[in-house]
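Trainee: Input run.txt, format and content: compact mmCIF, C-alpha atoms.
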```txt
# COMPACT_ATOMS: atom_id res chain seq x y z
CA ALA A 200 0.00 0.00 0.00
CA GLN A 201 1.10 3.54 -0.66
CA SER A 202 0.42 6.74 1.23
CA VAL A 203 1.36 10.41 1.18
CA THR A 204 1.68 12.76 4.14
CA GLN A 205 1.51 16.50 3.73
CA LEU A 206 1.98 18.06 7.14
CA GLY A 207 -0.08 21.13 7.86
CA SER A 208 -3.01 22.31 5.79
CA HIS A 209 -1.99 25.91 5.24
CA VAL A 210 1.24 27.75 4.51
CA SER A 211 1.51 31.54 4.29
CA VAL A 212 4.53 33.35 2.83
CA SER A 213 5.33 36.91 1.79
CA GLU A 214 5.71 37.76 -1.86
CA GLY A 215 9.33 37.16 -2.85
CA ALA A 216 9.97 34.70 -0.01
CA LEU A 217 10.99 31.07 -0.34
CA VAL A 218 8.19 28.56 -0.76
CA LEU A 219 8.67 25.14 0.87
CA LEU A 220 5.85 22.60 0.83
CA ARG A 221 6.64 19.26 2.44
CA CYS A 222 5.68 15.82 1.21
CA ASN A 223 6.62 12.43 2.64
CA TYR A 224 5.55 9.16 1.09
CA SER A 225 5.33 5.51 1.97
CA SER A 226 5.72 2.88 -0.71
CA SER A 227 6.82 -0.75 -0.76
CA VAL A 228 8.09 -0.41 -4.33
CA PRO A 229 10.06 2.34 -6.07
CA PRO A 230 7.64 5.24 -6.36
CA TYR A 231 6.76 7.70 -9.01
CA LEU A 232 6.06 11.08 -7.41
CA PHE A 233 4.00 14.02 -8.56
CA TRP A 234 3.04 17.52 -7.49
CA TYR A 235 -0.26 18.93 -8.75
CA VAL A 236 -1.63 22.44 -8.27
CA GLN A 237 -5.28 23.43 -8.12
CA TYR A 238 -6.14 27.07 -8.67
CA PRO A 239 -9.54 28.30 -7.51
CA ASN A 240 -12.34 26.97 -9.71
CA GLN A 241 -9.91 25.09 -11.95
CA GLY A 242 -8.89 21.46 -12.40
CA LEU A 243 -5.72 19.85 -11.12
CA GLN A 244 -2.64 20.76 -13.16
CA LEU A 245 0.66 18.88 -13.10
CA LEU A 246 3.55 20.95 -11.75
CA LEU A 247 6.27 18.32 -11.99
CA LYS A 248 6.97 14.62 -11.63
CA TYR A 249 9.77 12.26 -10.70
CA THR A 250 9.97 8.89 -12.43
CA THR A 251 13.60 7.86 -12.84
CA GLY A 252 16.96 9.53 -13.31
CA ALA A 253 17.88 12.90 -11.86
CA THR A 254 16.47 13.34 -8.39
CA LEU A 255 16.11 17.12 -8.70
CA VAL A 256 13.12 17.78 -10.90
CA LYS A 257 12.19 21.13 -12.37
CA GLY A 258 8.62 22.00 -13.19
CA ILE A 259 6.50 24.83 -14.45
CA ASN A 260 6.30 28.30 -12.95
CA GLY A 261 9.74 28.07 -11.32
CA PHE A 262 8.92 25.18 -9.00
CA GLU A 263 11.25 22.28 -8.33
CA ALA A 264 11.31 19.23 -6.08
CA GLU A 265 13.97 16.79 -4.94
CA PHE A 266 13.43 13.07 -4.47
CA LYS A 267 15.28 11.87 -1.36
CA LYS A 268 14.91 8.13 -1.00
CA SER A 269 16.66 7.98 2.38
CA GLU A 270 14.18 10.49 3.79
CA THR A 271 11.17 9.23 1.77
CA SER A 272 10.54 12.85 0.87
CA PHE A 273 9.64 14.89 -2.21
CA HIS A 274 9.45 18.48 -0.98
CA LEU A 275 8.37 21.26 -3.35
CA THR A 276 10.26 24.56 -3.43
CA LYS A 277 10.28 27.87 -5.24
CA PRO A 278 12.92 30.52 -4.52
CA SER A 279 10.63 33.52 -4.75
CA ALA A 280 6.87 33.43 -4.26
CA HIS A 281 4.53 35.35 -6.51
CA MET A 282 0.97 36.37 -5.77
CA SER A 283 -0.21 34.09 -8.59
CA ASP A 284 1.20 31.05 -6.73
CA ALA A 285 -1.68 31.17 -4.26
CA ALA A 286 -3.45 27.84 -4.73
CA GLU A 287 -3.82 24.36 -3.27
CA TYR A 288 -0.96 21.94 -3.82
CA PHE A 289 -1.21 18.17 -3.80
CA CYS A 290 1.57 15.62 -3.61
CA ALA A 291 0.81 12.21 -5.11
CA VAL A 292 2.47 8.83 -5.55
CA SER A 293 1.94 5.97 -7.96
CA SER A 294 3.66 2.64 -8.23
CA THR A 295 5.89 1.32 -10.96
CA GLY A 296 3.49 -1.53 -11.58
CA ALA A 297 0.79 -1.78 -14.17
CA ASN A 298 -1.77 0.08 -12.12
CA SER A 299 -0.99 3.75 -12.43
CA LYS A 300 -3.61 5.11 -10.05
CA LEU A 301 -2.50 8.10 -8.00
CA THR A 302 -2.60 8.24 -4.21
CA PHE A 303 -2.85 11.85 -3.07
CA GLY A 304 -2.03 13.66 0.12
CA LYS A 305 -4.60 15.93 1.75
CA GLY A 306 -3.18 19.03 0.10
CA ILE A 307 -1.69 22.28 1.34
CA THR A 308 -3.18 25.70 0.73
CA LEU A 309 -0.53 28.30 -0.08
CA SER A 310 -1.31 31.95 0.63
CA VAL A 311 1.00 34.72 -0.57
CA ARG A 312 0.98 38.04 1.32
CA PRO A 313 1.79 41.25 -0.55
CA GLY B 279 -6.31 21.37 -27.86
CA ALA B 280 -9.35 20.41 -25.86
CA GLY B 281 -8.77 19.09 -22.38
CA VAL B 282 -10.81 16.69 -20.28
CA SER B 283 -14.38 17.89 -19.93
CA GLN B 284 -16.97 16.86 -17.37
CA THR B 285 -20.69 17.43 -17.28
CA PRO B 286 -22.57 18.68 -15.45
CA SER B 287 -20.32 21.04 -13.51
CA ASN B 288 -22.77 21.00 -10.62
CA LYS B 289 -25.45 18.48 -9.69
CA VAL B 290 -27.87 18.81 -6.81
CA THR B 291 -30.05 15.81 -6.07
CA GLU B 292 -32.15 14.40 -3.30
CA LYS B 293 -31.24 11.45 -1.14
CA GLY B 294 -32.24 8.19 -2.78
CA LYS B 295 -32.11 9.48 -6.35
CA TYR B 296 -30.00 8.16 -9.23
CA VAL B 297 -27.32 10.33 -10.88
CA GLU B 298 -25.02 10.06 -13.87
CA LEU B 299 -21.79 11.99 -14.26
CA ARG B 300 -20.10 12.23 -17.65
CA CYS B 301 -16.45 12.48 -18.62
CA ASP B 302 -15.03 13.28 -22.07
CA PRO B 303 -11.30 12.46 -22.08
CA ILE B 304 -8.66 13.97 -24.29
CA SER B 305 -8.95 12.51 -27.78
CA GLY B 306 -6.70 9.48 -28.24
CA HIS B 307 -6.13 8.86 -24.55
CA THR B 308 -6.64 5.19 -23.78
CA ALA B 309 -6.55 5.36 -19.98
CA LEU B 310 -9.32 7.02 -17.96
CA TYR B 311 -9.61 7.46 -14.19
CA TRP B 312 -12.31 8.56 -11.78
CA TYR B 313 -11.44 10.11 -8.43
CA ARG B 314 -13.57 11.57 -5.65
CA GLN B 315 -12.52 14.62 -3.63
CA SER B 316 -14.31 15.29 -0.39
CA LEU B 317 -14.07 18.65 1.36
CA GLY B 318 -10.62 19.22 2.83
CA GLN B 319 -9.20 16.02 1.37
CA GLY B 320 -7.09 15.03 -1.58
CA PRO B 321 -8.63 13.12 -4.48
CA GLU B 322 -9.27 9.42 -3.82
CA PHE B 323 -9.12 6.82 -6.57
CA LEU B 324 -12.36 5.17 -7.62
CA ILE B 325 -11.86 3.28 -10.89
CA TYR B 326 -9.47 2.99 -13.83
CA PHE B 327 -10.32 2.08 -17.42
CA GLN B 328 -7.94 0.82 -20.06
CA GLY B 329 -9.91 1.10 -23.28
CA THR B 330 -13.44 -0.18 -22.68
CA GLY B 331 -12.67 -2.38 -19.70
CA ALA B 332 -12.39 -1.51 -16.03
CA ALA B 333 -8.83 -2.55 -15.18
CA ASP B 334 -9.15 -1.66 -11.50
CA ASP B 335 -12.38 -0.82 -9.67
CA SER B 336 -11.01 -1.36 -6.17
CA GLY B 337 -11.75 2.21 -5.14
CA LEU B 338 -15.51 2.07 -5.68
CA PRO B 339 -16.96 2.39 -2.17
CA ASN B 340 -19.89 0.00 -2.63
CA ASP B 341 -22.20 -1.52 -5.22
CA ARG B 342 -24.23 1.69 -5.57
CA PHE B 343 -21.37 3.03 -7.67
CA PHE B 344 -20.81 1.83 -11.22
CA ALA B 345 -18.94 3.22 -14.23
CA VAL B 346 -18.90 2.39 -17.92
CA ARG B 347 -16.85 3.30 -20.97
CA PRO B 348 -18.60 1.41 -23.78
CA GLU B 349 -16.67 2.75 -26.76
CA GLY B 350 -13.35 3.42 -25.10
CA SER B 351 -13.81 7.17 -25.04
CA VAL B 352 -16.59 8.84 -23.02
CA SER B 353 -17.19 7.43 -19.55
CA THR B 354 -20.19 7.68 -17.25
CA LEU B 355 -20.08 7.28 -13.49
CA LYS B 356 -23.42 6.12 -12.14
CA ILE B 357 -24.55 6.38 -8.54
CA GLN B 358 -27.73 4.66 -7.38
CA ARG B 359 -29.75 5.50 -4.26
CA THR B 360 -27.58 8.51 -3.47
CA GLU B 361 -26.71 9.26 0.14
CA ARG B 362 -25.65 12.53 1.76
CA GLY B 363 -22.17 11.06 2.22
CA ASP B 364 -21.81 10.86 -1.56
CA SER B 365 -21.57 14.65 -1.71
CA ALA B 366 -18.14 15.50 -3.14
CA VAL B 367 -16.36 16.68 -6.26
CA TYR B 368 -15.97 13.86 -8.75
CA LEU B 369 -12.87 14.20 -10.90
CA CYS B 370 -12.05 12.51 -14.16
CA ALA B 371 -8.56 12.19 -15.61
CA SER B 372 -7.10 10.67 -18.76
CA SER B 373 -3.64 9.67 -19.91
CA LEU B 374 -2.19 8.64 -23.22
CA ARG B 375 -0.83 5.14 -22.93
CA ARG B 376 -1.65 1.72 -21.63
CA ALA B 377 -0.75 1.06 -18.01
CA ALA B 378 2.12 3.50 -17.99
CA SER B 379 2.67 4.85 -14.52
CA THR B 380 4.93 7.59 -15.80
CA ASP B 381 2.29 9.13 -18.01
CA THR B 382 0.79 12.39 -16.90
CA GLN B 383 -2.83 12.25 -15.90
CA TYR B 384 -4.78 15.26 -17.16
CA PHE B 385 -7.69 16.23 -14.97
CA GLY B 386 -11.04 17.70 -15.81
CA PRO B 387 -12.63 20.51 -13.77
CA GLY B 388 -14.82 18.07 -11.86
CA THR B 389 -18.51 17.67 -11.11
CA ARG B 390 -19.65 18.95 -7.73
CA LEU B 391 -22.35 16.59 -6.46
CA THR B 392 -24.57 17.70 -3.59
CA VAL B 393 -27.03 15.24 -2.09
CA LEU B 394 -29.71 16.92 0.01
```
Take the structure in the file and write it out as structure tokens.
Mentor:
Amino acid sequence: AQSVTQLGSHVSVSEGALVLLRCNYSSSVPPYLFWYVQYPNQGLQLLLKYTTGATLVKGINGFEAEFKKSETSFHLTKPSAHMSDAAEYFCAVSSTGANSKLTFGKGITLSVRP
Amino acid sequence: GAGVSQTPSNKVTEKGKYVELRCDPISGHTALYWYRQSLGQGPEFLIYFQGTGAADDSGLPNDRFFAVRPEGSVSTLKIQRTERGDSAVYLCASSLRRAASTDTQYFGPGTRLTVL
């Protein structure tokens, strides 16, 4: 079985500050890891994903995440927050098997203060 | 190009009624998924189609829930004898290839179901 833990439900940062959203996973097989973003009244949009290869993954809108197997983590970062980054962020895991269903965390709401 | 579309965007029904939720995947995508997102939670997997067949329906909560994809494109999620606990946003996603865990799942905007 797989699971994802996103600690805390809400993160607030000032515009221009570092964004750090934490994600820890549990998986009995090598995982594939994803970050999705959900803007108000919109569908989930993929930010980035880790499958194999380089453990530092770059995504859209200046976001990146690093897969750390020893820490079972896949934290999302952005050096400088922008007002338009305010949204809900979901970390998800799928297995390397044939079933590619996603298991999501509860999500974190990011607020950006002017 | 067109993304995943879902209809209706909102559905209000009374307890005990039957509802159908529709998903139009991206053209050419062979894999289709249904998820359910309750308030304050992340999406939870319901069912996965590969072509016309349900490859994994382990997430369906009980036998009141059923989904079909008769021609390998459009899918319908059907809920019988709705209960207040069924109230949630129902999300549909599609991806390009067969059983490829690396493929990106593209999500629709969801159908918000409210059972009174």
Trainee: Identify every residue of chain B that has at least one atom within 10 Å of any atom of chain A, counting all atoms listed in the file, and report the result as a ChimeraX atom specification.
Mentor: /B:282-283,309-313,315-326,333-334,337,369-371,373,376-388
Trainee: Nearest to Ser272 of chain A: which of A:Leu309, A:Val236, A:Val210, A:Leu255 is it, counting all atoms listed in the file?
Mentor: A:Leu255
Trainee: Compile the contact shell of His307 of chain B as a compact mmCIF listing (two decimals) with C-alpha atoms, in the coordinates of the input: residues with an atom at most 7 Å away, counting all atoms listed in the file, same-chain residues fewer than 4 positions apart removed.
Mentor:
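Result file follows (result.txt):
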```txt
# COMPACT_ATOMS: atom_id res chain seq x y z
CA PRO B 303 -11.30 12.46 -22.08
CA SER B 372 -7.10 10.67 -18.76
CA SER B 373 -3.64 9.67 -19.91
CA LEU B 374 -2.19 8.64 -23.22
CA ARG B 375 -0.83 5.14 -22.93
```
Trainee: As an exercise, work out the distance from atom CA of Ala280 of chain A to atom CA of Ala216 of chain A in Å and give it to one decimal place.
Mentor: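 Separating atom CA of Ala280 of chain A from atom CA of Ala216 of chain A is a distance of 5.4 Å.
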Trainee: For Ala366 of chain B, work out the shell of residues within 9 Å, counting only C-alpha atoms and skipping chain neighbours fewer than 2 positions away, then give it as a PyMOL selection string.
Mentor: chain B and resi 314-317+363-364+368+389-393
Trainee: Select, from B:Ile357, B:Arg362, B:Val290, B:Phe327, the residue with the minimum atom-to-atom distance to Phe343 of chain B, counting all atoms listed in the file.
Mentor: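 Looking at the shortest contact to Phe343 of chain B, the residue is B:Ile357.
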Trainee: Draw an axis-aligned box tight on the listed atoms of segment 324-342 of chain B, then pad every side by 4 Å and write out centre and edge lengths in Å to one decimal as AutoDock Vina command-line options.
Mentor:
```
--center_x -16.1 --center_y 1.3 --center_z -12.7 --size_x 24.3 --size_y 15.7 --size_z 29.1
```
Trainee: Could you please determine the separation between atom CA of Ser365 of chain B and atom CA of Asp335 of chain B in Å, to one decimal place?
Mentor: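 Interatomic distance, atom CA of Ser365 of chain B to atom CA of Asp335 of chain B: 19.7 Å.
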Trainee: What does the distance between atom CA of Leu275 of chain A and atom CA of Gly207 of chain A come to in Å, to one decimal place?
Mentor: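 Separation of atom CA of Leu275 of chain A and atom CA of Gly207 of chain A: 14.0 Å.
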Trainee: For segment 298-301 of chain B, list every protein, DNA or RNA residue within 6 Å, evaluated using all atoms listed in the file, and leave out those in the same chain fewer than 6 positions away; present the list as JSON, numbers by chain.
Mentor: {"B": [283, 284, 285, 352, 353, 354, 355, 356]}
Trainee: Excluding Leu217 of chain A and any residue of its chain fewer than 4 positions from it, enumerate the residues within 10 Å of it, using only C-alpha atoms, and give them as a list in words.
Mentor: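 My reading of the contact set: Val212, Ser213, Thr276, Lys277, Pro278, Ser279, Ala280 and His281 of chain A.
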Trainee: Kindly indicate which residue among A:Gly258, A:Pro239, A:Pro229, A:Gly215 lies nearest to Pro313 of chain A, using all atoms listed in the file for the distances.
Mentor: A:Gly215
Trainee: Reconstruct N, CA, C and O atoms of segment 311-331 of chain B from the incomplete input and present them as an mmCIF file, in the coordinates of the input.
Mentor:
```cif
data_model
loop_
_atom_site.group_PDB
_atom_site.id
_atom_site.type_symbol
_atom_site.label_atom_id
_atom_site.label_comp_id
_atom_site.auth_asym_id
_atom_site.auth_seq_id
_atom_site.Cartn_x
_atom_site.Cartn_y
_atom_site.Cartn_z
ATOM 1 N N TYR B 311 -9.517 7.654 -15.647
ATOM 2 C CA TYR B 311 -9.610 7.460 -14.190
ATOM 3 C C TYR B 311 -10.746 8.308 -13.627
ATOM 4 O O TYR B 311 -10.997 9.426 -14.081
ATOM 5 N N TRP B 312 -11.369 7.784 -12.594
ATOM 6 C CA TRP B 312 -12.310 8.560 -11.780
ATOM 7 C C TRP B 312 -11.747 8.644 -10.359
ATOM 8 O O TRP B 312 -11.270 7.645 -9.799
ATOM 9 N N TYR B 313 -11.825 9.855 -9.816
ATOM 10 C CA TYR B 313 -11.440 10.110 -8.430
ATOM 11 C C TYR B 313 -12.581 10.865 -7.756
ATOM 12 O O TYR B 313 -13.391 11.518 -8.407
ATOM 13 N N ARG B 314 -12.588 10.805 -6.419
ATOM 14 C CA ARG B 314 -13.570 11.570 -5.650
ATOM 15 C C ARG B 314 -12.820 12.424 -4.640
ATOM 16 O O ARG B 314 -11.913 11.928 -3.955
ATOM 17 N N GLN B 315 -13.180 13.705 -4.562
ATOM 18 C CA GLN B 315 -12.520 14.620 -3.630
ATOM 19 C C GLN B 315 -13.544 15.187 -2.665
ATOM 20 O O GLN B 315 -14.395 15.993 -3.044
ATOM 21 N N SER B 316 -13.440 14.754 -1.426
ATOM 22 C CA SER B 316 -14.310 15.290 -0.390
ATOM 23 C C SER B 316 -13.699 16.568 0.168
ATOM 24 O O SER B 316 -12.500 16.822 0.012
ATOM 25 N N LEU B 317 -14.510 17.349 0.853
ATOM 26 C CA LEU B 317 -14.070 18.650 1.360
ATOM 27 C C LEU B 317 -12.864 18.499 2.276
ATOM 28 O O LEU B 317 -12.876 17.693 3.222
ATOM 29 N N GLY B 318 -11.797 19.232 1.981
ATOM 30 C CA GLY B 318 -10.620 19.220 2.830
ATOM 31 C C GLY B 318 -9.712 18.014 2.637
ATOM 32 O O GLY B 318 -8.762 17.823 3.411
ATOM 33 N N GLN B 319 -9.993 17.219 1.623
ATOM 34 C CA GLN B 319 -9.200 16.020 1.370
ATOM 35 C C GLN B 319 -8.603 16.053 -0.023
ATOM 36 O O GLN B 319 -9.044 16.809 -0.892
ATOM 37 N N GLY B 320 -7.612 15.205 -0.233
ATOM 38 C CA GLY B 320 -7.090 15.030 -1.580
ATOM 39 C C GLY B 320 -7.975 14.070 -2.359
ATOM 40 O O GLY B 320 -8.801 13.364 -1.789
ATOM 41 N N PRO B 321 -7.846 14.060 -3.680
ATOM 42 C CA PRO B 321 -8.630 13.120 -4.480
ATOM 43 C C PRO B 321 -8.349 11.670 -4.083
ATOM 44 O O PRO B 321 -7.206 11.327 -3.767
ATOM 45 N N GLU B 322 -9.396 10.849 -4.113
ATOM 46 C CA GLU B 322 -9.270 9.420 -3.820
ATOM 47 C C GLU B 322 -9.688 8.623 -5.054
ATOM 48 O O GLU B 322 -10.731 8.882 -5.649
ATOM 49 N N PHE B 323 -8.890 7.644 -5.392
ATOM 50 C CA PHE B 323 -9.120 6.820 -6.570
ATOM 51 C C PHE B 323 -10.413 6.022 -6.457
ATOM 52 O O PHE B 323 -10.718 5.451 -5.407
ATOM 53 N N LEU B 324 -11.149 5.987 -7.561
ATOM 54 C CA LEU B 324 -12.360 5.170 -7.620
ATOM 55 C C LEU B 324 -12.186 3.995 -8.586
ATOM 56 O O LEU B 324 -12.341 2.838 -8.219
ATOM 57 N N ILE B 325 -11.886 4.315 -9.858
ATOM 58 C CA ILE B 325 -11.860 3.280 -10.890
ATOM 59 C C ILE B 325 -10.971 3.739 -12.038
ATOM 60 O O ILE B 325 -10.813 4.937 -12.278
ATOM 61 N N TYR B 326 -10.391 2.741 -12.733
ATOM 62 C CA TYR B 326 -9.470 2.990 -13.830
ATOM 63 C C TYR B 326 -9.873 2.123 -15.019
ATOM 64 O O TYR B 326 -10.082 0.922 -14.867
ATOM 65 N N PHE B 327 -10.005 2.773 -16.186
ATOM 66 C CA PHE B 327 -10.320 2.080 -17.420
ATOM 67 C C PHE B 327 -9.108 2.062 -18.338
ATOM 68 O O PHE B 327 -8.408 3.062 -18.493
ATOM 69 N N GLN B 328 -8.886 0.928 -18.968
ATOM 70 C CA GLN B 328 -7.940 0.820 -20.060
ATOM 71 C C GLN B 328 -8.782 0.427 -21.276
ATOM 72 O O GLN B 328 -9.229 -0.712 -21.372
ATOM 73 N N GLY B 329 -8.986 1.361 -22.183
ATOM 74 C CA GLY B 329 -9.910 1.100 -23.280
ATOM 75 C C GLY B 329 -11.323 1.015 -22.747
ATOM 76 O O GLY B 329 -11.770 1.873 -21.997
ATOM 77 N N THR B 330 -12.044 -0.031 -23.091
ATOM 78 C CA THR B 330 -13.440 -0.180 -22.680
ATOM 79 C C THR B 330 -13.590 -0.883 -21.334
ATOM 80 O O THR B 330 -14.651 -0.802 -20.712
ATOM 81 N N GLY B 331 -12.544 -1.562 -20.888
ATOM 82 C CA GLY B 331 -12.670 -2.380 -19.700
ATOM 83 C C GLY B 331 -12.168 -1.716 -18.435
ATOM 84 O O GLY B 331 -11.198 -0.954 -18.464
#
```
